[in-house]
$ cat entry29.txt   # compact mmCIF, C-alpha atoms
# COMPACT_ATOMS: atom_id res chain seq x y z
CA MET A 507 7.07 -2.69 34.37
CA ALA A 508 4.99 -5.45 32.78
CA ILE A 509 1.33 -4.78 32.01
CA THR A 510 -1.03 -6.92 34.05
CA THR A 511 -4.48 -5.28 33.72
CA THR A 512 -6.26 -3.11 31.15
CA LYS A 513 -6.14 -0.22 33.61
CA SER A 514 -2.36 -0.50 33.99
CA ALA A 515 -2.10 -0.74 30.18
CA PHE A 516 -4.00 2.55 29.84
CA ARG A 517 -1.80 4.22 32.45
CA LYS A 518 1.39 2.97 30.83
CA GLY A 519 0.25 4.28 27.43
CA LEU A 520 -0.51 7.64 28.99
CA LYS A 521 2.93 7.78 30.60
CA ASP A 522 4.83 6.57 27.51
CA ALA A 523 3.14 9.09 25.22
CA ALA A 524 3.50 12.04 27.63
CA PRO A 525 6.74 13.37 26.02
CA PHE A 526 4.82 13.87 22.75
CA VAL A 527 3.03 16.80 24.36
CA LEU A 528 6.24 18.72 23.65
CA VAL A 529 5.76 18.07 19.93
CA ILE A 530 2.01 18.56 19.75
CA ILE A 531 1.89 21.96 21.45
CA PRO A 532 4.11 23.90 19.01
CA PHE A 533 2.84 22.00 15.97
CA SER A 534 -0.88 22.52 16.64
CA SER A 535 -0.41 26.13 17.80
CA LEU A 536 1.40 26.83 14.56
CA PHE A 537 -1.52 25.42 12.57
CA GLY A 538 -3.92 27.61 14.53
CA ILE A 539 -1.80 30.68 13.86
CA LEU A 540 -1.31 30.00 10.13
CA ALA A 541 -4.94 29.05 9.52
CA THR A 542 -6.28 32.24 11.08
CA GLU A 543 -3.65 34.26 9.21
CA ALA A 544 -4.98 32.63 6.02
CA GLY A 545 -8.43 33.99 6.83
CA LEU A 546 -10.12 31.02 8.52
CA SER A 547 -12.34 31.78 11.50
CA VAL A 548 -11.51 30.31 14.89
CA PHE A 549 -14.39 27.82 14.47
CA GLU A 550 -13.24 26.75 11.00
CA THR A 551 -9.65 26.33 12.22
CA LEU A 552 -10.71 24.18 15.15
CA ALA A 553 -13.10 22.14 12.97
CA PHE A 554 -10.21 21.46 10.57
CA SER A 555 -8.07 20.01 13.38
CA VAL A 556 -10.92 18.02 14.96
CA VAL A 557 -12.15 16.50 11.68
CA VAL A 558 -8.75 15.73 10.15
CA ILE A 559 -6.12 15.43 13.01
CA ALA A 560 -3.14 15.23 10.65
CA GLY A 561 -0.61 18.01 10.96
CA ALA A 562 1.35 17.66 7.75
CA ALA A 563 -1.77 17.07 5.61
CA GLN A 564 -3.50 20.10 7.16
CA PHE A 565 -0.52 22.35 6.42
CA THR A 566 -0.44 21.05 2.84
CA ALA A 567 -4.16 21.69 2.29
CA LEU A 568 -3.92 25.17 3.79
CA GLN A 569 -0.95 26.06 1.60
CA LEU A 570 -2.64 24.86 -1.60
CA MET A 571 -5.94 26.59 -0.80
CA GLN A 572 -4.03 29.84 -0.34
CA GLU A 573 -2.57 29.31 -3.80
CA HIS A 574 -6.14 28.76 -5.09
CA ALA A 575 -5.34 25.26 -6.37
CA PRO A 576 -8.35 23.27 -7.67
CA THR A 577 -10.24 21.50 -4.86
CA ALA A 578 -9.48 18.04 -6.28
CA ILE A 579 -5.73 18.83 -6.27
CA VAL A 580 -5.93 20.10 -2.68
CA LEU A 581 -7.64 16.89 -1.56
CA ALA A 582 -5.40 14.55 -3.56
CA SER A 583 -2.18 16.20 -2.36
CA ALA A 584 -3.17 16.31 1.30
CA LEU A 585 -4.32 12.68 1.18
CA ALA A 586 -1.03 11.67 -0.48
CA VAL A 587 0.79 13.28 2.45
CA ASN A 588 -1.38 11.11 4.69
CA LEU A 589 -0.87 7.89 2.73
CA ARG A 590 1.48 6.58 5.42
CA MET A 591 -1.61 6.21 7.66
CA ALA A 592 -2.72 3.28 5.47
CA MET A 593 0.65 1.64 6.10
CA TYR A 594 0.24 2.24 9.85
CA SER A 595 -3.22 0.71 9.66
CA ALA A 596 -1.84 -2.38 7.92
CA SER A 597 0.93 -2.85 10.45
CA LEU A 598 -1.46 -2.40 13.43
CA THR A 599 -3.92 -4.98 12.06
CA PRO A 600 -2.12 -8.13 13.31
CA TYR A 601 -2.19 -6.64 16.83
CA ILE A 602 -5.64 -5.03 17.13
CA GLY A 603 -7.58 -6.54 14.20
CA ALA A 604 -9.60 -8.74 16.58
CA ALA A 605 -10.87 -5.83 18.72
CA PRO A 606 -14.55 -4.76 18.51
CA LEU A 607 -15.37 -2.71 15.39
CA TRP A 608 -16.27 0.49 17.28
CA GLN A 609 -12.92 0.39 19.09
CA ARG A 610 -11.05 -0.12 15.82
CA ALA A 611 -12.99 2.77 14.26
CA LEU A 612 -12.18 5.04 17.20
CA ALA A 613 -8.52 3.97 17.11
CA ALA A 614 -8.43 4.64 13.36
CA TYR A 615 -9.70 8.19 13.87
CA MET A 616 -6.91 8.74 16.41
CA THR A 617 -4.10 7.03 14.47
CA VAL A 618 -1.36 9.65 14.15
CA ASP A 619 2.42 9.28 13.97
CA GLN A 620 2.75 9.57 17.75
CA SER A 621 0.05 7.10 18.80
CA TYR A 622 1.20 4.64 16.12
CA VAL A 623 4.88 4.58 17.06
CA CYS A 624 4.07 4.51 20.77
CA ALA A 625 1.67 1.57 20.42
CA MET A 626 3.86 -0.42 17.98
CA ALA A 627 6.91 -0.16 20.22
CA GLN A 628 4.90 -1.56 23.13
CA TYR A 629 3.16 -4.34 21.12
CA GLU A 630 6.52 -5.56 19.82
CA LYS A 631 8.11 -5.41 23.26
CA GLU A 632 5.32 -7.32 25.01
CA PRO A 633 3.71 -9.61 22.41
CA GLN A 634 1.77 -11.51 25.10
CA MET A 635 -0.56 -8.52 25.75
CA THR A 636 -4.28 -9.32 25.36
CA ILE A 637 -6.47 -7.45 22.85
CA PRO A 638 -8.25 -5.36 25.55
CA GLN A 639 -4.84 -4.45 27.01
CA ARG A 640 -3.57 -3.41 23.59
CA MET A 641 -6.62 -1.22 23.00
CA ALA A 642 -6.35 0.29 26.48
CA TYR A 643 -2.67 1.02 25.83
CA PHE A 644 -3.52 2.64 22.47
CA PHE A 645 -6.16 4.88 24.03
CA GLY A 646 -3.67 5.72 26.79
CA CYS A 647 -1.21 6.83 24.10
CA VAL A 648 -3.73 9.12 22.41
CA THR A 649 -4.95 10.73 25.64
CA PRO A 650 -2.08 13.24 25.98
CA VAL A 651 -1.86 13.70 22.19
CA VAL A 652 -5.29 14.25 20.63
CA PRO A 653 -6.93 16.60 23.21
CA MET A 654 -3.74 18.71 23.15
CA TRP A 655 -3.98 18.81 19.37
CA TYR A 656 -7.48 20.35 19.61
CA LEU A 657 -6.66 22.62 22.53
CA PHE A 658 -3.50 24.16 21.10
CA THR A 659 -5.01 24.59 17.63
CA LEU A 660 -7.63 26.68 19.44
CA ILE A 661 -5.06 28.59 21.50
CA GLY A 662 -2.94 29.26 18.40
CA ALA A 663 -6.04 30.48 16.55
CA LEU A 664 -7.08 32.73 19.44
CA LEU A 665 -3.66 34.19 20.20
CA GLY A 666 -2.28 34.36 16.67
CA ALA A 667 1.06 35.19 18.32
CA GLN A 668 4.29 33.62 17.05
CA ILE A 669 6.33 31.27 19.19
CA PRO A 670 9.85 32.79 19.11
CA GLN A 671 11.92 30.92 16.52
CA SER A 672 14.94 30.99 18.87
CA TRP A 673 13.21 28.29 20.95
CA ALA A 674 13.94 25.90 18.03
CA LEU A 675 10.72 23.99 18.73
CA ASP A 676 10.72 22.86 15.09
CA PHE A 677 13.22 20.26 16.21
CA ALA A 678 11.05 18.71 18.93
CA LEU A 679 9.50 16.48 16.26
CA PRO A 680 12.64 14.85 14.80
CA ILE A 681 14.16 14.34 18.25
CA THR A 682 11.11 12.65 19.76
CA PHE A 683 10.62 10.39 16.73
CA LEU A 684 14.28 9.31 16.75
CA ALA A 685 14.09 8.68 20.48
CA MET A 686 10.95 6.56 19.98
CA ILE A 687 12.34 4.41 17.15
CA ALA A 688 15.82 3.84 18.60
CA PRO A 689 14.66 1.10 21.01
CA MET A 690 12.85 -0.65 18.10
CA PHE A 691 16.13 -1.67 16.42
CA ARG A 692 15.99 -5.20 17.81
CA THR A 693 17.52 -7.14 14.91
CA PRO A 694 20.00 -6.36 12.11
CA ALA A 695 17.02 -6.46 9.72
CA HIS A 696 15.41 -3.52 11.58
CA VAL A 697 18.65 -1.54 11.27
CA ILE A 698 18.93 -2.34 7.55
CA ALA A 699 15.31 -1.25 6.99
CA ALA A 700 15.97 2.08 8.75
CA VAL A 701 19.25 2.74 6.94
CA VAL A 702 17.77 2.01 3.51
CA ALA A 703 14.66 4.10 4.27
CA THR A 704 16.80 7.01 5.49
CA GLY A 705 18.96 6.96 2.35
CA ALA A 706 15.90 6.66 0.11
CA GLY A 707 14.15 9.41 2.07
CA LEU A 708 17.02 11.81 1.42
CA LEU A 709 17.26 10.84 -2.26
CA THR A 710 13.50 11.29 -2.83
CA ALA A 711 13.05 14.42 -0.68
CA GLY A 712 12.39 16.45 -3.85
CA VAL A 713 9.54 14.23 -5.09
CA PRO A 714 6.30 16.29 -4.85
CA TYR A 715 3.32 15.70 -2.49
CA SER A 716 5.40 13.68 -0.01
CA MET A 717 5.34 10.72 -2.39
CA GLY A 718 9.09 10.38 -1.71
CA LEU A 719 8.18 9.33 1.83
CA ILE A 720 6.02 6.48 0.57
CA ILE A 721 8.73 5.34 -1.88
CA ALA A 722 11.37 5.49 0.85
CA GLY A 723 9.12 3.69 3.33
CA LEU A 724 8.42 0.86 0.87
CA ALA A 725 12.14 0.60 0.04
CA GLY A 726 12.95 0.27 3.74
CA MET A 727 10.22 -2.33 4.31
CA LEU A 728 11.44 -4.38 1.32
CA ALA A 729 15.02 -4.18 2.58
CA GLY A 730 13.97 -5.25 6.08
CA ALA A 731 11.92 -8.20 4.82
CA ARG A 732 14.73 -9.31 2.45
CA ALA A 733 17.31 -9.04 5.23
CA GLU A 734 15.09 -11.05 7.58
CA LEU A 735 14.75 -13.88 5.03
CA TRP A 736 18.47 -13.87 4.34
CA LEU A 737 19.41 -13.88 8.04
CA ASP A 738 16.92 -16.69 8.77
CA ARG A 739 18.34 -18.80 5.94
CA ARG A 740 21.89 -18.18 7.06
CA ALA A 741 21.00 -19.12 10.65
CA ALA A 742 19.29 -22.30 9.39
CA LYS A 743 22.34 -23.21 7.32
CA GLN A 744 24.67 -22.62 10.25
CA SER A 745 22.64 -24.80 12.60
CA GLU A 746 22.64 -27.51 9.89
CA GLY A 747 26.42 -27.19 9.65
CA THR A 748 26.94 -27.59 13.38
CA ALA A 749 24.39 -30.42 13.79
CA MET B 1237 -1.42 35.82 1.56
CA ILE B 1238 -4.94 35.36 0.25
CA GLU B 1239 -7.76 37.82 0.63
CA ASN B 1240 -10.22 34.96 1.09
CA ILE B 1241 -10.56 31.23 0.65
CA ASP B 1242 -13.94 30.26 -0.78
CA ARG B 1243 -16.14 28.92 2.05
CA THR B 1244 -17.62 26.08 0.02
CA THR B 1245 -14.14 24.95 -1.05
CA LEU B 1246 -12.92 25.14 2.53
CA TRP B 1247 -15.69 22.90 3.88
CA ILE B 1248 -15.35 20.44 0.99
CA VAL B 1249 -11.64 20.20 1.81
CA ILE B 1250 -12.18 19.83 5.57
CA LEU B 1251 -14.86 17.14 5.21
CA GLY B 1252 -13.20 15.40 2.24
CA LEU B 1253 -9.87 15.30 4.02
CA GLY B 1254 -11.55 14.08 7.21
CA ILE B 1255 -13.36 11.24 5.44
CA GLY B 1256 -10.33 10.37 3.28
CA SER B 1257 -7.91 10.34 6.22
CA PHE B 1258 -10.27 8.18 8.23
CA GLY B 1259 -10.51 5.81 5.26
CA LEU B 1260 -6.72 5.51 5.05
CA ARG B 1261 -6.48 4.86 8.79
CA PHE B 1262 -9.33 2.33 8.85
CA VAL B 1263 -8.68 0.46 5.60
CA PHE B 1264 -6.75 -2.45 7.14
CA THR B 1265 -7.73 -2.48 10.83
CA GLY B 1266 -11.39 -2.12 9.79
CA LEU B 1267 -11.72 -4.27 6.69
CA VAL B 1268 -9.13 -7.00 7.29
CA GLY B 1269 -9.87 -7.23 11.02
CA ASP B 1270 -8.83 -10.56 12.50
CA ARG B 1271 -8.50 -12.44 9.20
CA GLU B 1272 -5.07 -13.99 8.71
CA MET B 1273 -2.73 -11.98 6.53
CA PRO B 1274 -0.17 -13.81 4.37
CA GLU B 1275 3.27 -14.33 5.89
CA TRP B 1276 5.10 -12.35 3.17
CA LEU B 1277 2.91 -9.31 3.88
CA LEU B 1278 3.41 -9.55 7.63
CA ARG B 1279 7.15 -9.80 7.07
CA HIS B 1280 7.11 -6.45 5.25
CA LEU B 1281 4.74 -4.82 7.72
CA ARG B 1282 7.11 -5.62 10.61
CA TYR B 1283 9.42 -2.94 9.22
CA THR B 1284 6.83 -0.18 8.64
CA ALA B 1285 7.69 1.86 11.74
CA VAL B 1286 11.48 1.58 11.47
CA ALA B 1287 11.29 2.51 7.76
CA ILE B 1288 8.67 5.29 7.52
CA LEU B 1289 9.66 7.32 10.56
CA PRO B 1290 13.39 7.61 9.75
CA ALA B 1291 12.44 8.47 6.14
CA LEU B 1292 10.09 11.17 7.48
CA VAL B 1293 12.69 12.61 9.84
CA ALA B 1294 15.89 12.36 7.74
CA PRO B 1295 15.22 15.34 5.41
CA GLN B 1296 14.15 17.48 8.40
CA VAL B 1297 17.42 16.64 10.14
CA ILE B 1298 19.68 17.35 7.16
CA TRP B 1299 17.75 20.29 5.66
CA PRO B 1300 15.75 21.89 8.52
CA ALA B 1301 12.96 24.28 7.50
CA ALA B 1302 13.92 26.59 10.39
CA THR B 1303 17.31 27.32 8.75
CA ASN B 1304 15.75 27.55 5.27
CA GLY B 1305 17.15 24.14 4.39
CA GLN B 1306 20.74 24.90 5.33
CA PRO B 1307 22.39 21.95 7.16
CA ASP B 1308 22.80 22.99 10.77
CA LEU B 1309 25.37 21.50 13.17
CA PRO B 1310 23.28 21.84 16.38
CA ARG B 1311 20.28 20.08 14.78
CA ILE B 1312 22.33 17.27 13.20
CA SER B 1313 24.21 16.72 16.48
CA ALA B 1314 20.97 16.74 18.48
CA ALA B 1315 19.46 14.10 16.19
CA ALA B 1316 22.62 11.97 16.45
CA ALA B 1317 22.61 12.28 20.26
CA ALA B 1318 18.92 11.32 20.57
CA LEU B 1319 19.43 8.31 18.31
CA ALA B 1320 22.67 7.15 19.96
CA ILE B 1321 21.37 7.47 23.53
CA GLY B 1322 18.10 5.81 22.48
CA VAL B 1323 19.92 2.84 20.93
CA MET B 1324 22.31 2.46 23.88
CA THR B 1325 19.88 2.92 26.79
CA LYS B 1326 16.50 2.05 25.17
CA ASN B 1327 15.18 4.89 27.35
CA VAL B 1328 12.98 7.22 25.30
CA LEU B 1329 12.83 10.09 27.78
CA LEU B 1330 16.59 10.04 28.33
CA ALA B 1331 17.10 10.10 24.54
CA ILE B 1332 14.79 13.12 24.16
CA ILE B 1333 16.54 14.97 27.00
CA SER B 1334 19.99 14.19 25.49
CA GLY B 1335 18.84 15.53 22.13
CA ALA B 1336 17.39 18.68 23.67
CA ILE B 1337 20.50 19.37 25.79
CA THR B 1338 22.74 18.87 22.75
CA LEU B 1339 20.56 21.18 20.64
CA TYR B 1340 20.38 24.04 23.14
CA THR B 1341 24.04 23.77 24.20
CA LEU B 1342 25.26 23.96 20.61
CA LEU B 1343 22.77 26.69 19.64
CA TRP B 1344 24.01 28.69 22.62
CA LEU B 1345 27.73 28.02 21.96
CA LEU B 1346 27.48 28.77 18.25
CA GLY B 1347 24.88 31.53 18.95

$ encode --input "entry29.txt" --output "structure tokens"
Amino acid sequence: MAITTTKSAFRKGLKDAAPFVLVIIPFSSLFGILATEAGLSVFETLAFSVVVIAGAAQFTALQLMQEHAPTAIVLASALAVNLRMAMYSASLTPYIGAAPLWQRALAAYMTVDQSYVCAMAQYEKEPQMTIPQRMAYFFGCVTPVVPMWYLFTLIGALLGAQIPQSWALDFALPITFLAMIAPMFRTPAHVIAAVVATGAGLLTAGVPYSMGLIIAGLAGMLAGARAELWLDRRAAKQSEGTA
Amino acid sequence: MIENIDRTTLWIVILGLGIGSFGLRFVFTGLVGDREMPEWLLRHLRYTAVAILPALVAPQVIWPAATNGQPDLPRISAAAAALAIGVMTKNVLLAIISGAITLYTLLWLLG
């Protein structure tokens, strides 16, 4: 279904991001549960999720505060975990950089793994989308994600009850991310980037403060860019040869 | 488990993390805006999603926290199924369902 209006772009974003609800509900409930167990009030727990909206960084900060780490270390570590958001911001810029400032600011506040991957997949698939359509699509993507993040942080904080581990909801996150990226492997360069990043991610998994993720991400991006150049040159050479 | 986290520290962390995270998310979309970015940079940025997300997921697939880091056949198979179906069909929902069915079937069989 091609996008023809901003309204249909919003609706498509909403529909495409709907499966992420399955990830957000257990993840945000768990934060609510752990934060209240750590002694935060319901209000403080909810404020944390509303102000920050970054699961992994919130868990990191909570963990370090419980260990009574110095405030500067808590902030630096949690921000390091969130460093990938700067890379998301850079890669969104060619697509939404021309949108009005307030829309870019609002989109920045709501840039999370889910909204980013959802929007990027669509922008790459339909490069002819207009800026308003792209923004509408982005806000469609965040609509099932961000309110659920708030709501289930609150429910987790209020209930404090554990989700049974036998439901294996921990694995909703890897499965949905893999499902989202699979259709993005459009060229051999994309595959090479993913393979290199995966290998590097496993090798650097022990590096503290999630810095391994940044190293692995950069390695994958370098590999993808190198592969693209090499494939372009080879294609150029081949067309010269046949001409 | 802590007896209490200092309230001032907590609010400094919440607000600092909020401002810092917003800064990271806004740094390029906000400050670069619609200015042209150099071709070499764009070439690298094209691979951000396909690099970062697999790197984020790979350790969770091989060493899941839920099994205390022990490699787990149902989880590895579920990830492989989601990826394979996603690549073959380009259908996200179908890939998620395939992964979930694989996970629960194997968890049940290997109980």

$ interface_residues --input "entry29.txt" --of "chain B" --to "chain A" --cutoff "7 Å" --atoms "only C-alpha atoms" --output "PDB file with C-alpha atoms, keeping the file's coordinate frame"
ATOM      1  CA  MET B1237      -1.420  35.820   1.560  1.00  0.00           C
ATOM      2  CA  ILE B1238      -4.940  35.360   0.250  1.00  0.00           C
ATOM      3  CA  ASN B1240     -10.220  34.960   1.090  1.00  0.00           C
ATOM      4  CA  ILE B1241     -10.560  31.230   0.650  1.00  0.00           C
ATOM      5  CA  THR B1245     -14.140  24.950  -1.050  1.00  0.00           C
ATOM      6  CA  VAL B1249     -11.640  20.200   1.810  1.00  0.00           C
ATOM      7  CA  ILE B1250     -12.180  19.830   5.570  1.00  0.00           C
ATOM      8  CA  GLY B1252     -13.200  15.400   2.240  1.00  0.00           C
ATOM      9  CA  LEU B1253      -9.870  15.300   4.020  1.00  0.00           C
ATOM     10  CA  GLY B1254     -11.550  14.080   7.210  1.00  0.00           C
ATOM     11  CA  GLY B1256     -10.330  10.370   3.280  1.00  0.00           C
ATOM     12  CA  SER B1257      -7.910  10.340   6.220  1.00  0.00           C
ATOM     13  CA  PHE B1258     -10.270   8.180   8.230  1.00  0.00           C
ATOM     14  CA  LEU B1260      -6.720   5.510   5.050  1.00  0.00           C
ATOM     15  CA  ARG B1261      -6.480   4.860   8.790  1.00  0.00           C
ATOM     16  CA  PHE B1262      -9.330   2.330   8.850  1.00  0.00           C
ATOM     17  CA  VAL B1263      -8.680   0.460   5.600  1.00  0.00           C
ATOM     18  CA  PHE B1264      -6.750  -2.450   7.140  1.00  0.00           C
ATOM     19  CA  THR B1265      -7.730  -2.480  10.830  1.00  0.00           C
ATOM     20  CA  GLY B1266     -11.390  -2.120   9.790  1.00  0.00           C
ATOM     21  CA  GLY B1269      -9.870  -7.230  11.020  1.00  0.00           C
ATOM     22  CA  ASP B1270      -8.830 -10.560  12.500  1.00  0.00           C
ATOM     23  CA  ARG B1279       7.150  -9.800   7.070  1.00  0.00           C
ATOM     24  CA  HIS B1280       7.110  -6.450   5.250  1.00  0.00           C
ATOM     25  CA  LEU B1281       4.740  -4.820   7.720  1.00  0.00           C
ATOM     26  CA  ARG B1282       7.110  -5.620  10.610  1.00  0.00           C
ATOM     27  CA  TYR B1283       9.420  -2.940   9.220  1.00  0.00           C
ATOM     28  CA  THR B1284       6.830  -0.180   8.640  1.00  0.00           C
ATOM     29  CA  ALA B1285       7.690   1.860  11.740  1.00  0.00           C
ATOM     30  CA  VAL B1286      11.480   1.580  11.470  1.00  0.00           C
ATOM     31  CA  ALA B1287      11.290   2.510   7.760  1.00  0.00           C
ATOM     32  CA  ILE B1288       8.670   5.290   7.520  1.00  0.00           C
ATOM     33  CA  LEU B1289       9.660   7.320  10.560  1.00  0.00           C
ATOM     34  CA  PRO B1290      13.390   7.610   9.750  1.00  0.00           C
ATOM     35  CA  ALA B1291      12.440   8.470   6.140  1.00  0.00           C
ATOM     36  CA  LEU B1292      10.090  11.170   7.480  1.00  0.00           C
ATOM     37  CA  VAL B1293      12.690  12.610   9.840  1.00  0.00           C
ATOM     38  CA  ALA B1294      15.890  12.360   7.740  1.00  0.00           C
ATOM     39  CA  PRO B1295      15.220  15.340   5.410  1.00  0.00           C
ATOM     40  CA  VAL B1297      17.420  16.640  10.140  1.00  0.00           C
ATOM     41  CA  ALA B1302      13.920  26.590  10.390  1.00  0.00           C
ATOM     42  CA  ALA B1315      19.460  14.100  16.190  1.00  0.00           C
ATOM     43  CA  ALA B1318      18.920  11.320  20.570  1.00  0.00           C
ATOM     44  CA  LEU B1319      19.430   8.310  18.310  1.00  0.00           C
ATOM     45  CA  GLY B1322      18.100   5.810  22.480  1.00  0.00           C
ATOM     46  CA  VAL B1323      19.920   2.840  20.930  1.00  0.00           C
ATOM     47  CA  LYS B1326      16.500   2.050  25.170  1.00  0.00           C
ATOM     48  CA  VAL B1328      12.980   7.220  25.300  1.00  0.00           C
ATOM     49  CA  ALA B1331      17.100  10.100  24.540  1.00  0.00           C
ATOM     50  CA  ILE B1332      14.790  13.120  24.160  1.00  0.00           C
ATOM     51  CA  GLY B1335      18.840  15.530  22.130  1.00  0.00           C
TER      52      GLY B1335
END

$ atom_distance --input "entry29.txt" --atom1 "CA of Thr1341 (chain B)" --atom2 "CA of Asp1308 (chain B)"
13.5 Å

$ atom_distance --input "entry29.txt" --atom1 "CA of Arg1271 (chain B)" --atom2 "CA of Cys624 (chain A)"
24.1 Å

$ atom_distance --input "entry29.txt" --atom1 "CA of Phe645 (chain A)" --atom2 "CA of Gly519 (chain A)"
7.3 Å

$ build_atoms --input "entry29.txt" --residues "region 1258-1271 of chain B" --atoms "N, CA and C atoms" --output "PDB file, in the coordinates of the input"
ATOM      1  N   PHE B1258      -9.712   9.279   7.457  1.00  0.00           N
ATOM      2  CA  PHE B1258     -10.270   8.180   8.230  1.00  0.00           C
ATOM      3  C   PHE B1258     -10.220   6.881   7.420  1.00  0.00           C
ATOM      4  N   GLY B1259     -10.552   6.983   6.140  1.00  0.00           N
ATOM      5  CA  GLY B1259     -10.510   5.810   5.260  1.00  0.00           C
ATOM      6  C   GLY B1259      -9.126   5.188   5.231  1.00  0.00           C
ATOM      7  N   LEU B1260      -8.094   6.019   5.091  1.00  0.00           N
ATOM      8  CA  LEU B1260      -6.720   5.510   5.050  1.00  0.00           C
ATOM      9  C   LEU B1260      -6.351   4.828   6.364  1.00  0.00           C
ATOM     10  N   ARG B1261      -6.829   5.388   7.474  1.00  0.00           N
ATOM     11  CA  ARG B1261      -6.480   4.860   8.790  1.00  0.00           C
ATOM     12  C   ARG B1261      -7.246   3.581   9.127  1.00  0.00           C
ATOM     13  N   PHE B1262      -8.423   3.425   8.485  1.00  0.00           N
ATOM     14  CA  PHE B1262      -9.330   2.330   8.850  1.00  0.00           C
ATOM     15  C   PHE B1262      -9.230   1.179   7.854  1.00  0.00           C
ATOM     16  N   VAL B1263      -8.563   1.416   6.702  1.00  0.00           N
ATOM     17  CA  VAL B1263      -8.680   0.460   5.600  1.00  0.00           C
ATOM     18  C   VAL B1263      -8.258  -0.953   5.989  1.00  0.00           C
ATOM     19  N   PHE B1264      -7.202  -1.096   6.765  1.00  0.00           N
ATOM     20  CA  PHE B1264      -6.750  -2.450   7.140  1.00  0.00           C
ATOM     21  C   PHE B1264      -7.330  -2.906   8.479  1.00  0.00           C
ATOM     22  N   THR B1265      -7.205  -2.065   9.521  1.00  0.00           N
ATOM     23  CA  THR B1265      -7.730  -2.480  10.830  1.00  0.00           C
ATOM     24  C   THR B1265      -9.229  -2.748  10.728  1.00  0.00           C
ATOM     25  N   GLY B1266      -9.941  -1.980   9.893  1.00  0.00           N
ATOM     26  CA  GLY B1266     -11.390  -2.120   9.790  1.00  0.00           C
ATOM     27  C   GLY B1266     -11.801  -3.260   8.884  1.00  0.00           C
ATOM     28  N   LEU B1267     -11.217  -3.322   7.697  1.00  0.00           N
ATOM     29  CA  LEU B1267     -11.720  -4.270   6.690  1.00  0.00           C
ATOM     30  C   LEU B1267     -11.068  -5.642   6.808  1.00  0.00           C
ATOM     31  N   VAL B1268      -9.788  -5.701   7.163  1.00  0.00           N
ATOM     32  CA  VAL B1268      -9.130  -7.000   7.290  1.00  0.00           C
ATOM     33  C   VAL B1268      -9.488  -7.614   8.644  1.00  0.00           C
ATOM     34  N   GLY B1269      -9.480  -6.757   9.685  1.00  0.00           N
ATOM     35  CA  GLY B1269      -9.870  -7.230  11.020  1.00  0.00           C
ATOM     36  C   GLY B1269      -8.995  -8.368  11.484  1.00  0.00           C
ATOM     37  N   ASP B1270      -9.627  -9.469  11.942  1.00  0.00           N
ATOM     38  CA  ASP B1270      -8.830 -10.560  12.500  1.00  0.00           C
ATOM     39  C   ASP B1270      -8.583 -11.679  11.506  1.00  0.00           C
ATOM     40  N   ARG B1271      -8.864 -11.421  10.184  1.00  0.00           N
ATOM     41  CA  ARG B1271      -8.500 -12.440   9.200  1.00  0.00           C
ATOM     42  C   ARG B1271      -6.984 -12.557   9.098  1.00  0.00           C
TER      43      ARG B1271
END
